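J.: My structure is in entry12.csv, and what it holds is CSV, C-alpha atoms:
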```csv
chain,number,residue,atom,x,y,z
A,1,MET,CA,38.4,23.1,16.2
A,2,ASP,CA,41.1,24.2,13.7
A,3,GLY,CA,39.5,25.5,10.5
A,4,THR,CA,42.2,23.7,8.4
A,5,LEU,CA,40.9,20.4,9.8
A,6,GLU,CA,37.3,21.3,9.7
A,7,ALA,CA,37.1,22.2,6.0
A,8,PRO,CA,38.2,18.8,4.7
A,9,ARG,CA,35.9,17.1,7.1
A,10,THR,CA,33.0,19.3,6.0
A,11,TRP,CA,33.8,18.6,2.3
A,12,HIS,CA,34.0,14.9,2.9
A,13,ALA,CA,30.6,14.9,4.7
A,14,ARG,CA,29.0,16.9,1.8
A,15,ARG,CA,30.4,14.5,-0.7
A,16,MET,CA,29.1,11.5,1.2
A,17,LEU,CA,25.7,13.2,1.5
A,18,GLY,CA,25.8,13.5,-2.3
A,19,VAL,CA,26.6,9.8,-2.7
A,20,ALA,CA,23.8,8.7,-0.4
A,21,THR,CA,21.3,11.0,-2.0
A,22,LEU,CA,22.2,9.6,-5.5
A,23,GLY,CA,21.8,6.1,-4.2
A,24,TYR,CA,18.4,6.9,-2.7
A,25,LEU,CA,17.3,8.6,-6.0
A,26,LEU,CA,18.2,5.7,-8.1
A,27,SER,CA,16.7,3.1,-5.8
A,28,ALA,CA,13.5,5.2,-5.6
A,29,TRP,CA,13.4,5.3,-9.4
A,30,ALA,CA,13.6,1.5,-9.4
A,31,TRP,CA,11.2,1.2,-6.5
A,32,ALA,CA,8.4,3.1,-8.3
A,33,LEU,CA,8.7,1.6,-11.8
A,34,LEU,CA,5.6,-0.4,-11.6
A,35,ALA,CA,3.2,2.3,-10.5
A,36,PRO,CA,3.0,4.2,-13.8
A,37,LEU,CA,2.6,0.9,-15.6
A,38,ALA,CA,-0.3,-0.3,-13.5
A,39,PRO,CA,-3.1,1.0,-15.8
A,40,LEU,CA,-1.3,-0.5,-18.9
A,41,LEU,CA,-0.7,-3.9,-17.2
A,42,ARG,CA,-4.3,-3.9,-16.1
A,43,ASP,CA,-5.4,-4.0,-19.7
A,44,THR,CA,-2.6,-6.4,-20.8
A,45,LEU,CA,-3.1,-9.0,-18.1
A,46,GLY,CA,-6.7,-8.4,-17.2
A,47,LEU,CA,-5.9,-7.4,-13.6
A,48,THR,CA,-8.8,-6.9,-11.1
A,49,PRO,CA,-8.9,-3.7,-9.0
A,50,ILE,CA,-7.4,-5.5,-6.0
A,51,GLN,CA,-4.6,-6.9,-8.2
A,52,GLN,CA,-3.9,-3.5,-9.6
A,53,ALA,CA,-3.7,-2.0,-6.1
A,54,LEU,CA,-1.3,-4.9,-5.1
A,55,VAL,CA,1.0,-4.0,-8.0
A,56,VAL,CA,1.3,-0.5,-6.6
A,57,SER,CA,1.5,-1.4,-2.9
A,58,LEU,CA,3.5,-4.6,-2.8
A,59,PRO,CA,6.9,-2.9,-3.5
A,60,VAL,CA,6.1,-0.3,-0.9
A,61,VAL,CA,5.2,-2.7,1.9
A,62,VAL,CA,7.9,-5.2,1.3
A,63,GLY,CA,10.5,-2.5,0.9
A,64,SER,CA,9.4,-0.7,4.0
A,65,LEU,CA,9.2,-3.8,6.2
A,66,ALA,CA,12.6,-4.9,4.9
A,67,ARG,CA,14.1,-1.7,6.1
A,68,PHE,CA,13.8,-3.0,9.7
A,69,PRO,CA,16.4,-5.9,9.2
A,70,VAL,CA,18.5,-3.9,6.7
A,71,GLY,CA,18.8,-0.9,9.1
A,72,ALA,CA,19.9,-3.3,11.9
A,73,LEU,CA,22.3,-4.9,9.4
A,74,SER,CA,23.8,-1.5,8.6
A,75,ASP,CA,24.5,-1.0,12.4
A,76,ARG,CA,26.4,-4.3,12.4
A,77,LEU,CA,28.2,-4.4,9.1
A,78,GLY,CA,28.6,-0.7,8.3
A,79,SER,CA,27.0,1.3,5.5
A,80,ARG,CA,29.5,0.5,2.7
A,81,THR,CA,28.9,-3.3,2.9
A,82,THR,CA,25.2,-2.9,3.3
A,83,PHE,CA,24.9,-0.4,0.4
A,84,LEU,CA,26.6,-3.0,-1.9
A,85,LEU,CA,24.4,-5.8,-0.8
A,86,VAL,CA,21.3,-3.7,-1.5
A,87,VAL,CA,22.7,-2.8,-4.9
A,88,VAL,CA,23.3,-6.4,-5.9
A,89,ALA,CA,19.8,-7.5,-4.8
A,90,THR,CA,18.1,-4.6,-6.6
A,91,LEU,CA,20.0,-5.3,-9.8
A,92,VAL,CA,18.9,-9.0,-9.8
A,93,VAL,CA,15.3,-8.1,-9.3
A,94,LEU,CA,15.3,-5.5,-12.0
A,95,LEU,CA,16.7,-8.0,-14.5
A,96,VAL,CA,14.1,-10.6,-13.5
A,97,LEU,CA,11.3,-8.1,-13.9
A,98,ALA,CA,12.5,-7.1,-17.4
A,99,THR,CA,11.8,-10.7,-18.5
A,100,VAL,CA,8.6,-11.6,-16.6
A,101,VAL,CA,6.6,-8.3,-16.1
A,102,ASP,CA,4.0,-9.1,-18.8
A,103,ARG,CA,3.9,-12.9,-18.6
A,104,SER,CA,1.1,-13.3,-16.1
A,105,ALA,CA,-0.5,-11.7,-13.1
A,106,ALA,CA,1.3,-14.1,-10.8
A,107,SER,CA,4.7,-13.3,-12.1
A,108,LEU,CA,3.9,-9.6,-12.0
A,109,LEU,CA,2.9,-9.7,-8.4
A,110,THR,CA,5.9,-11.8,-7.4
A,111,GLY,CA,8.2,-9.3,-9.2
A,112,ALA,CA,6.4,-6.4,-7.5
A,113,ALA,CA,7.0,-8.0,-4.1
A,114,LEU,CA,10.7,-8.6,-4.9
A,115,LEU,CA,11.1,-5.0,-6.2
A,116,GLY,CA,10.6,-3.9,-2.6
A,117,VAL,CA,14.3,-4.5,-2.0
A,118,ALA,CA,15.0,-1.3,-3.8
A,119,GLY,CA,13.2,0.6,-1.0
A,120,THR,CA,15.7,-0.6,1.6
A,121,MET,CA,18.4,1.8,0.4
A,122,PHE,CA,16.9,4.5,2.6
A,123,ALA,CA,17.5,2.5,5.8
A,124,VAL,CA,21.2,2.4,4.9
A,125,ALA,CA,21.4,6.0,3.9
A,126,VAL,CA,19.8,7.5,7.0
A,127,PRO,CA,22.4,6.2,9.6
A,128,PHE,CA,25.2,6.9,7.1
A,129,VAL,CA,24.2,10.6,6.7
A,130,SER,CA,23.4,10.9,10.5
A,131,ALA,CA,27.0,9.8,11.3
A,132,GLU,CA,28.5,12.4,8.9
A,133,PHE,CA,26.3,15.2,10.2
A,134,ALA,CA,26.1,14.8,14.0
A,135,GLY,CA,25.7,18.5,14.8
A,136,PRO,CA,22.9,21.1,14.3
A,137,ARG,CA,22.8,20.7,10.5
A,138,ARG,CA,21.7,17.1,10.8
A,139,GLY,CA,18.0,17.9,10.1
A,140,LEU,CA,18.9,19.8,6.9
A,141,ALA,CA,21.2,17.0,5.8
A,142,LEU,CA,18.6,14.4,6.3
A,143,GLY,CA,16.0,16.5,4.5
A,144,LEU,CA,18.4,16.9,1.5
A,145,LEU,CA,18.9,13.1,1.6
A,146,GLY,CA,15.1,12.8,1.4
A,147,THR,CA,15.1,14.7,-1.9
A,148,GLY,CA,16.4,11.4,-3.4
A,149,LEU,CA,12.8,10.3,-3.4
A,150,CYS,CA,12.4,12.4,-6.6
A,151,GLY,CA,13.7,9.3,-8.3
A,152,GLY,CA,10.0,8.2,-8.1
A,153,ALA,CA,9.2,11.3,-10.2
A,154,LEU,CA,11.8,10.3,-12.7
A,155,GLY,CA,9.9,7.0,-13.1
A,156,GLY,CA,6.6,8.8,-13.5
A,157,LEU,CA,8.1,11.0,-16.3
A,158,THR,CA,10.1,8.4,-18.2
A,159,THR,CA,8.6,4.9,-17.7
A,160,VAL,CA,5.6,5.2,-20.1
A,161,ARG,CA,7.8,6.9,-22.7
A,162,LEU,CA,10.5,4.2,-22.5
A,163,VAL,CA,7.9,1.5,-22.9
A,164,ASP,CA,6.3,3.2,-25.9
A,165,ALA,CA,9.7,3.6,-27.6
A,166,TYR,CA,11.6,0.4,-26.6
A,167,GLY,CA,9.1,-2.0,-25.0
A,168,LEU,CA,8.2,-3.1,-21.5
A,169,ALA,CA,11.7,-4.3,-20.5
A,170,ALA,CA,13.3,-0.9,-21.2
A,171,PRO,CA,12.6,0.9,-17.9
A,172,PHE,CA,13.9,-2.0,-15.9
A,173,LEU,CA,17.1,-2.3,-17.9
A,174,ALA,CA,17.7,1.5,-17.7
A,175,ALA,CA,17.3,1.4,-13.9
A,176,ALA,CA,19.5,-1.7,-13.6
A,177,THR,CA,22.3,0.2,-15.5
A,178,ALA,CA,22.0,3.2,-13.2
A,179,VAL,CA,22.0,1.1,-10.0
A,180,THR,CA,25.1,-0.8,-11.2
A,181,LEU,CA,26.9,2.5,-11.7
A,182,PHE,CA,26.0,3.6,-8.2
A,183,GLY,CA,27.4,0.4,-6.9
A,184,LEU,CA,30.7,1.2,-8.5
A,185,ILE,CA,30.7,4.7,-7.0
A,186,VAL,CA,30.1,3.2,-3.5
A,187,ALA,CA,32.9,0.7,-4.0
A,188,LEU,CA,35.3,3.5,-5.0
A,189,THR,CA,34.4,6.3,-2.6
A,190,VAL,CA,32.6,5.0,0.6
A,191,ARG,CA,34.5,3.8,3.5
A,192,ASP,CA,33.5,2.7,7.1
A,193,ASP,CA,31.1,5.1,8.8
A,194,ALA,CA,32.8,8.1,10.5
A,195,GLY,CA,30.5,8.4,13.4
A,196,ARG,CA,29.6,4.8,14.2
A,197,ALA,CA,31.5,1.6,15.2
A,198,PRO,CA,29.9,-1.5,13.8
A,199,ALA,CA,31.6,-3.6,16.4
A,200,ARG,CA,30.0,-1.7,19.2
A,201,ALA,CA,26.6,-2.1,17.6
A,202,LYS,CA,26.9,-5.9,17.8
A,203,ARG,CA,25.7,-5.7,21.4
A,204,THR,CA,23.4,-2.7,21.3
A,205,GLY,CA,22.2,-2.5,17.7
A,206,THR,CA,19.5,-5.2,18.0
A,207,PRO,CA,15.9,-4.9,17.0
A,208,ALA,CA,14.8,-5.3,20.7
A,209,ALA,CA,17.0,-2.3,21.7
A,210,ALA,CA,15.3,-0.2,19.0
A,211,LEU,CA,11.8,-1.3,20.0
A,212,ARG,CA,12.4,-0.3,23.6
A,213,LEU,CA,12.8,3.4,22.7
A,214,PRO,CA,9.6,5.6,22.9
A,215,ILE,CA,10.8,7.6,19.9
A,216,THR,CA,10.7,4.4,17.8
A,217,TRP,CA,6.9,4.1,18.4
A,218,ARG,CA,6.1,7.8,18.2
A,219,GLY,CA,8.1,8.1,15.0
A,220,SER,CA,6.5,5.0,13.6
A,221,LEU,CA,3.0,6.4,14.1
A,222,TRP,CA,3.8,9.7,12.5
A,223,ASN,CA,5.6,8.1,9.6
A,224,ALA,CA,2.7,5.6,9.1
A,225,VAL,CA,0.3,8.5,8.6
A,226,THR,CA,2.5,10.4,6.2
A,227,SER,CA,3.4,7.2,4.3
A,228,ALA,CA,-0.2,6.2,3.8
A,229,LEU,CA,-1.0,9.6,2.3
A,230,PHE,CA,2.2,9.7,0.2
A,231,VAL,CA,1.5,6.3,-1.4
A,232,THR,CA,-2.1,7.3,-2.0
A,233,PHE,CA,-1.2,10.6,-3.7
A,234,SER,CA,1.9,9.4,-5.5
A,235,SER,CA,2.1,5.7,-6.4
A,236,TYR,CA,-1.7,5.2,-6.5
A,237,LEU,CA,-2.3,8.6,-8.1
A,238,PRO,CA,-2.3,7.4,-11.7
A,239,VAL,CA,-5.0,4.7,-10.8
A,240,TYR,CA,-7.0,7.3,-8.8
A,241,LEU,CA,-7.0,10.0,-11.5
A,242,THR,CA,-7.8,7.6,-14.4
A,243,THR,CA,-10.7,6.1,-12.5
A,244,ALA,CA,-12.1,9.2,-10.7
A,245,TYR,CA,-11.4,11.8,-13.4
A,246,GLY,CA,-10.8,9.9,-16.6
A,247,LEU,CA,-7.4,11.4,-17.2
A,248,GLY,CA,-5.0,9.8,-19.7
A,249,LEU,CA,-1.8,7.8,-18.7
A,250,GLU,CA,0.6,10.6,-19.7
A,251,ARG,CA,-1.2,13.2,-17.7
A,252,THR,CA,-1.5,11.0,-14.6
A,253,GLY,CA,2.2,10.2,-14.9
A,254,HIS,CA,3.0,13.9,-14.9
A,255,ALA,CA,0.8,14.4,-11.9
A,256,MET,CA,2.5,11.6,-10.0
A,257,ALA,CA,5.9,13.1,-10.9
A,258,GLY,CA,4.7,16.6,-9.8
A,259,ILE,CA,3.6,15.7,-6.3
A,260,ILE,CA,6.7,13.6,-5.7
A,261,ALA,CA,8.9,16.5,-6.8
A,262,VAL,CA,7.1,18.9,-4.5
A,263,ALA,CA,7.1,16.6,-1.6
A,264,VAL,CA,10.8,15.7,-1.8
A,265,LEU,CA,11.9,19.4,-2.4
A,266,MET,CA,10.1,20.3,0.8
A,267,ARG,CA,11.9,17.7,2.9
A,268,PRO,CA,14.9,19.9,3.4
A,269,VAL,CA,12.6,22.7,4.5
A,270,GLY,CA,11.1,20.4,7.1
A,271,GLY,CA,14.6,19.4,8.3
A,272,TRP,CA,15.7,23.0,8.3
A,273,LEU,CA,12.7,24.1,10.4
A,274,ALA,CA,13.3,21.2,12.7
A,275,ASP,CA,16.9,22.4,13.2
A,276,ARG,CA,15.7,25.9,14.0
A,277,LEU,CA,12.6,25.1,15.9
A,278,ALA,CA,11.4,22.1,18.0
A,279,PRO,CA,10.7,19.4,15.4
A,280,ARG,CA,7.2,19.0,16.8
A,281,ARG,CA,6.1,22.5,15.6
A,282,PRO,CA,6.5,22.0,11.8
A,283,LEU,CA,5.2,18.4,12.3
A,284,ALA,CA,2.0,19.5,14.0
A,285,VAL,CA,1.3,22.3,11.5
A,286,SER,CA,1.9,20.0,8.5
A,287,LEU,CA,-0.3,17.3,9.9
A,288,THR,CA,-3.1,19.8,10.4
A,289,VAL,CA,-2.8,21.0,6.8
A,290,LEU,CA,-2.9,17.4,5.6
A,291,THR,CA,-6.1,16.9,7.4
A,292,GLY,CA,-7.8,19.8,5.7
A,293,ALA,CA,-6.5,19.0,2.2
A,294,VAL,CA,-7.4,15.3,2.3
A,295,ALA,CA,-10.9,16.2,3.7
A,296,VAL,CA,-11.4,18.5,0.7
A,297,GLN,CA,-10.3,15.8,-1.7
A,298,ALA,CA,-12.7,13.3,-0.1
A,299,CYS,CA,-15.6,15.4,-1.6
A,300,THR,CA,-14.3,14.6,-5.1
A,301,PRO,CA,-13.9,18.3,-6.1
A,302,PRO,CA,-13.6,19.4,-9.7
A,303,LEU,CA,-10.2,19.2,-11.4
A,304,PRO,CA,-9.3,22.9,-10.9
A,305,VAL,CA,-9.6,22.3,-7.1
A,306,VAL,CA,-7.6,19.1,-7.4
A,307,ALA,CA,-4.8,21.0,-9.1
A,308,VAL,CA,-4.5,23.2,-5.9
A,309,VAL,CA,-5.1,20.5,-3.3
A,310,VAL,CA,-2.5,18.0,-4.6
A,311,PRO,CA,0.4,20.4,-4.5
A,312,VAL,CA,-0.6,21.5,-1.0
A,313,LEU,CA,-0.5,17.9,0.0
A,314,GLY,CA,2.9,17.6,-1.5
A,315,VAL,CA,4.2,20.6,0.5
A,316,ALA,CA,2.8,19.3,3.8
A,317,LEU,CA,4.0,15.8,3.3
A,318,GLY,CA,7.5,17.0,2.5
A,319,ILE,CA,7.7,19.2,5.6
A,320,ALA,CA,6.3,16.5,7.8
A,321,SER,CA,8.7,13.9,6.5
A,322,GLY,CA,11.8,16.1,7.1
A,323,ALA,CA,10.7,17.0,10.6
A,324,ILE,CA,10.1,13.3,11.5
A,325,LEU,CA,13.6,12.2,10.3
A,326,ALA,CA,15.2,15.1,12.2
A,327,HIS,CA,13.3,14.3,15.4
A,328,VAL,CA,14.1,10.5,15.2
A,329,ALA,CA,17.8,11.2,14.5
A,330,ARG,CA,18.0,13.6,17.4
A,331,GLU,CA,16.4,11.2,20.0
A,332,ALA,CA,17.8,7.9,18.9
A,333,PRO,CA,21.3,6.7,20.2
A,334,PRO,CA,23.8,6.9,17.3
A,335,GLU,CA,24.9,3.3,17.6
A,336,ILE,CA,21.4,2.0,16.8
A,337,ILE,CA,20.1,4.8,14.5
A,338,GLY,CA,19.9,2.3,11.7
A,339,GLY,CA,17.7,-0.1,13.6
A,340,VAL,CA,15.5,2.7,14.9
A,341,SER,CA,15.1,4.3,11.5
A,342,GLY,CA,14.5,0.8,10.0
A,343,VAL,CA,11.6,0.2,12.4
A,344,VAL,CA,10.1,3.7,11.9
A,345,THR,CA,10.1,3.3,8.1
A,346,GLY,CA,9.2,-0.4,8.3
A,347,ILE,CA,6.1,-0.1,10.3
A,348,ALA,CA,5.0,2.8,8.1
A,349,GLY,CA,5.2,0.4,5.2
A,350,LEU,CA,2.1,-1.4,6.6
A,351,ALA,CA,0.2,1.9,6.2
A,352,GLY,CA,1.6,2.4,2.7
A,353,PHE,CA,0.5,-1.1,1.8
A,354,ALA,CA,-3.0,-0.6,3.3
A,355,SER,CA,-3.9,2.7,1.7
A,356,PRO,CA,-4.1,1.5,-2.0
A,357,LEU,CA,-6.1,-1.5,-0.8
A,358,LEU,CA,-8.4,0.8,1.2
A,359,MET,CA,-8.9,3.0,-1.9
A,360,ALA,CA,-9.7,-0.1,-4.1
A,361,ALA,CA,-12.1,-1.5,-1.5
A,362,SER,CA,-13.9,1.9,-1.3
A,363,LEU,CA,-14.3,1.9,-5.1
A,364,SER,CA,-15.6,-1.6,-5.1
A,365,ARG,CA,-18.0,-1.2,-2.2
A,366,PHE,CA,-19.2,2.4,-2.7
A,367,GLY,CA,-18.4,3.2,-6.3
A,368,GLY,CA,-16.0,6.0,-5.3
A,369,TYR,CA,-13.0,7.0,-3.2
A,370,GLY,CA,-14.8,9.4,-0.8
A,371,PRO,CA,-15.1,7.0,2.2
A,372,ALA,CA,-11.4,5.9,2.0
A,373,LEU,CA,-10.2,9.5,1.7
A,374,ALA,CA,-12.4,10.4,4.7
A,375,ILE,CA,-10.6,7.8,6.8
A,376,LEU,CA,-7.2,9.0,5.5
A,377,ALA,CA,-8.2,12.6,6.5
A,378,ALA,CA,-8.9,11.5,10.1
A,379,ALA,CA,-5.5,9.8,10.5
A,380,PRO,CA,-3.3,13.0,10.4
A,381,ALA,CA,-5.8,14.7,12.7
A,382,VAL,CA,-5.3,12.1,15.3
A,383,ALA,CA,-1.5,12.2,14.8
A,384,ALA,CA,-1.5,16.0,15.2
A,385,VAL,CA,-3.3,15.8,18.5
A,386,GLY,CA,-0.7,13.3,19.7
A,387,VAL,CA,2.1,15.6,18.7
A,388,LEU,CA,0.6,18.5,20.5
A,389,ARG,CA,0.0,16.4,23.6
A,390,GLU,CA,3.7,15.2,23.5
A,391,ALA,CA,4.8,18.8,23.2
A,392,SER,CA,2.7,19.8,26.1
A,393,ARG,CA,4.1,17.0,28.3
A,394,ALA,CA,7.7,18.0,27.3
A,395,GLY,CA,7.0,21.6,28.1
A,396,ALA,CA,5.6,20.6,31.5
A,397,GLY,CA,8.6,18.5,32.2
A,398,ARG,CA,11.0,21.5,31.8
A,399,THR,CA,9.1,23.6,34.2
```
The structure in this file should be written as structure tokens.
T.:
Amino acid sequence: MDGTLEAPRTWHARRMLGVATLGYLLSAWAWALLAPLAPLLRDTLGLTPIQQALVVSLPVVVGSLARFPVGALSDRLGSRTTFLLVVVATLVVLLVLATVVDRSAASLLTGAALLGVAGTMFAVAVPFVSAEFAGPRRGLALGLLGTGLCGGALGGLTTVRLVDAYGLAAPFLAAATAVTLFGLIVALTVRDDAGRAPARAKRTGTPAAALRLPITWRGSLWNAVTSALFVTFSSYLPVYLTTAYGLGLERTGHAMAGIIAVAVLMRPVGGWLADRLAPRRPLAVSLTVLTGAVAVQACTPPLPVVAVVVPVLGVALGIASGAILAHVAREAPPEIIGGVSGVVTGIAGLAGFASPLLMAASLSRFGGYGPALAILAAAPAVAAVGVLREASRAGAGRT
């Protein structure tokens, strides 16, 4: 292809990647606003351990499950329209939460469920970026998109401080302002997807078509494992550290921000490795590392050991996530990539929902988190065996 034509196209793709990543960052910020506030709201509203876990997990499960229909909607309507719909819905929920967050446990839990809409931005961004980067750089581009999850770290660093300075409504109003500005950017810069035709997806981009693909189910299993661990050691981390180690809110917020930052910064590395190697290789290695790290944490080691284990978890989670996205995007037909990625991330939401409840149940039944973490250590071990078996079958098929 003529270089004079390729350069503008490359610049446009990079600019759209920047827009999508910004949108994911801001939506992830909004999506994670309640997690740093969970210990404070526990004292304000008298929440039980299960209610506190629901405050953390409801946005995750609702947002993840809603990615299924939103991804399919993106295949049909195009990314620009779906981006704007998610922006409007997120803005409304943030404004509602600003007024009801501290009224009652019922209003808080309802708002937590509605806040899940912010998590659907990812289901729009994945097919949008996949269409812009259809070549060998797709894994790296999707990994860079995944760095938008550091918006959750932004919430961990700023939420408690904003509340201390301006009141409980402040974090939600700040996020609402940022999401509104992103909507304006989308309206001014994003056009119909370059690599997908929504009209064509009307016939093929159905949930049933996505569910018939083997990569949908394999990707869902892998993503379920990493999602459960990510929620446990990010959104639930403030609750875990305050209960198990007696740390203060500010320190736990910083810990949450730290693991999110490490995980999201390693996503491009996972995508890059998937571009250079078979995606199964970095995935199998990272799942094995996760098994060992969570098994160590199940023994409730002293804080100096935790300070090593948690960053290792972040690195492995980031590499695994980048490799999964690259593998799914490589195997799924482009006209239904939105539906496939929606199912993959949606089913994983069930695991993300279950892991804080599993942690809370372990605390209530056994007085500690060790049994729950033992189960969470077994999950990546099983997934790693599945990845290795798939790689073996694929290798045998080529001989």
J.: Find the residue from A:Ala378, A:Leu95, A:Ile336, A:Ala354 that sits nearest to Gly292 in chain A; use all atoms listed in the file when measuring.
T.: A:Ala378
J.: With a distance cut-off of 8 Å and all atoms listed in the file, select the neighbouring residues of Trp29 in chain A, excluding the residue or stretch itself and same-chain residues fewer than 2 positions from it, and output the selection as an NGL selection string.
T.: :A and (25-27 or 31-33 or 149-155 or 175)
J.: Can you work out which one of A:Ile324, A:Ala263, A:Ala98, A:Ile215 has the shortest atom-to-atom distance to Pro311 in chain A, counting only C-alpha atoms?
T.: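 Ranking A:Ile324, A:Ala263, A:Ala98, A:Ile215 by distance to Pro311 in chain A, first place goes to A:Ala263.
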J.: Can you work out the spacing between CA of Gly148 in chain A and CA of Leu22 in chain A in Å, to one decimal?
T.: 6.4 Å
J.: So the first atom is CA of Gly111 in chain A and the second is CA of Ala72 in chain A; what is the distance between them in Å, to one decimal place?
T.: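 So the two atoms, CA of Gly111 in chain A and CA of Ala72 in chain A, lie 24.9 Å apart.
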J.: A:Met16, A:Leu85, A:Leu94, A:Ile337: which is nearest Leu34 in chain A, counting only C-alpha atoms?
T.: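 Nearest to Leu34 in chain A: A:Leu94.
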J.: Select, from A:Thr147, A:Ser227, A:Thr82, A:Ser64, the residue with the minimum atom-to-atom distance to Leu114 in chain A, counting all atoms listed in the file.
T.: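 For Leu114 in chain A, the nearest of the candidates is A:Ser64.
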J.: What is the CA of Ala326 in chain A-CA of Gly156 in chain A distance in Å, reported with one decimal?
T.: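 Interatomic distance here is 27.8 Å.
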J.: Looking at A:Arg76, A:Arg137, A:Arg212, A:Arg42, which one is nearest to Ser104 in chain A, with distances taken over all atoms listed in the file?
T.: A:Arg42
J.: Kindly indicate which residue among A:Ala332, A:Met121, A:Ala316, A:Leu388 lies nearest to Arg80 in chain A, using all atoms listed in the file for the distances.
T.: A:Met121
J.: Taking 2 positions as the minimum chain separation for residues in the same chain, which residues sit within 9 Å of Ala66 in chain A when counting only C-alpha atoms? Answer as a list in words.
T.: Val61, Val62, Gly63, Ser64, Phe68, Pro69, Val70, Gly71, Gly116, Val117, Gly119, Thr120, Ala123, Gly342 and Gly346 of chain A
J.: Name the residues in contact with Val296 in chain A at a cut-off of 9 Å, using all atoms listed in the file, excluding same-chain residues fewer than 6 positions from it; report them as a PyMOL selection string.
T.: chain A and resi 305-306+309+377
J.: I'd like the neighbourhood of Leu162 in chain A as an MDAnalysis selection string, where a residue qualifies if any of its atoms comes within 12 Å (using only C-alpha atoms), though same-chain residues fewer than 4 positions away should be ignored.
T.: chainID A and resid 33 36:37 154:158 166:175
J.: Fewer than 4 positions away in the same chain doesn't count, so skip those; otherwise give me all residues within 12 Å of Ile375 in chain A, counting all atoms listed in the file, as a VMD selection string.
T.: chain A and resid 225 228 to 229 291 294 to 295 297 to 298 354 to 355 358 to 359 362 369 to 371 379 to 382
J.: Please identify all polymer residues lying at most 10 Å from the point (5.1, 13.3, -19.6) (file coordinates), using only C-alpha atoms, and present the result as a PDB file with C-alpha atoms, in the coordinates of the input.
T.:
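The new file point.pdb reads:
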```
ATOM      1  CA  GLY A 156       6.600   8.800 -13.500  1.00  0.00           C
ATOM      2  CA  LEU A 157       8.100  11.000 -16.300  1.00  0.00           C
ATOM      3  CA  THR A 158      10.100   8.400 -18.200  1.00  0.00           C
ATOM      4  CA  THR A 159       8.600   4.900 -17.700  1.00  0.00           C
ATOM      5  CA  VAL A 160       5.600   5.200 -20.100  1.00  0.00           C
ATOM      6  CA  ARG A 161       7.800   6.900 -22.700  1.00  0.00           C
ATOM      7  CA  LEU A 249      -1.800   7.800 -18.700  1.00  0.00           C
ATOM      8  CA  GLU A 250       0.600  10.600 -19.700  1.00  0.00           C
ATOM      9  CA  ARG A 251      -1.200  13.200 -17.700  1.00  0.00           C
ATOM     10  CA  THR A 252      -1.500  11.000 -14.600  1.00  0.00           C
ATOM     11  CA  GLY A 253       2.200  10.200 -14.900  1.00  0.00           C
ATOM     12  CA  HIS A 254       3.000  13.900 -14.900  1.00  0.00           C
ATOM     13  CA  ALA A 255       0.800  14.400 -11.900  1.00  0.00           C
ATOM     14  CA  ALA A 257       5.900  13.100 -10.900  1.00  0.00           C
TER      15      ALA A 257
END
```
J.: Name the residues, using the chain letters and numbers of the file, that sit within 9 Å of (-6.2, 3.3, -13.3) when counting all atoms listed in the file, and give them as a list of chain:residue names.
T.: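 Selection result: A:Ala38, A:Pro39, A:Leu40, A:Arg42, A:Pro49, A:Gln52, A:Tyr236, A:Leu237, A:Pro238, A:Val239, A:Tyr240, A:Leu241, A:Thr242, A:Thr243, A:Ala244, A:Gly246, A:Leu249.
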J.: Next, the residues of the selection above should be written as a compact mmCIF listing (two decimals), keeping the file's coordinate frame with C-alpha atoms.
T.:
```txt
# COMPACT_ATOMS: atom_id res chain seq x y z
CA ALA A 38 -0.30 -0.30 -13.50
CA PRO A 39 -3.10 1.00 -15.80
CA LEU A 40 -1.30 -0.50 -18.90
CA ARG A 42 -4.30 -3.90 -16.10
CA PRO A 49 -8.90 -3.70 -9.00
CA GLN A 52 -3.90 -3.50 -9.60
CA TYR A 236 -1.70 5.20 -6.50
CA LEU A 237 -2.30 8.60 -8.10
CA PRO A 238 -2.30 7.40 -11.70
CA VAL A 239 -5.00 4.70 -10.80
CA TYR A 240 -7.00 7.30 -8.80
CA LEU A 241 -7.00 10.00 -11.50
CA THR A 242 -7.80 7.60 -14.40
CA THR A 243 -10.70 6.10 -12.50
CA ALA A 244 -12.10 9.20 -10.70
CA GLY A 246 -10.80 9.90 -16.60
CA LEU A 249 -1.80 7.80 -18.70
```
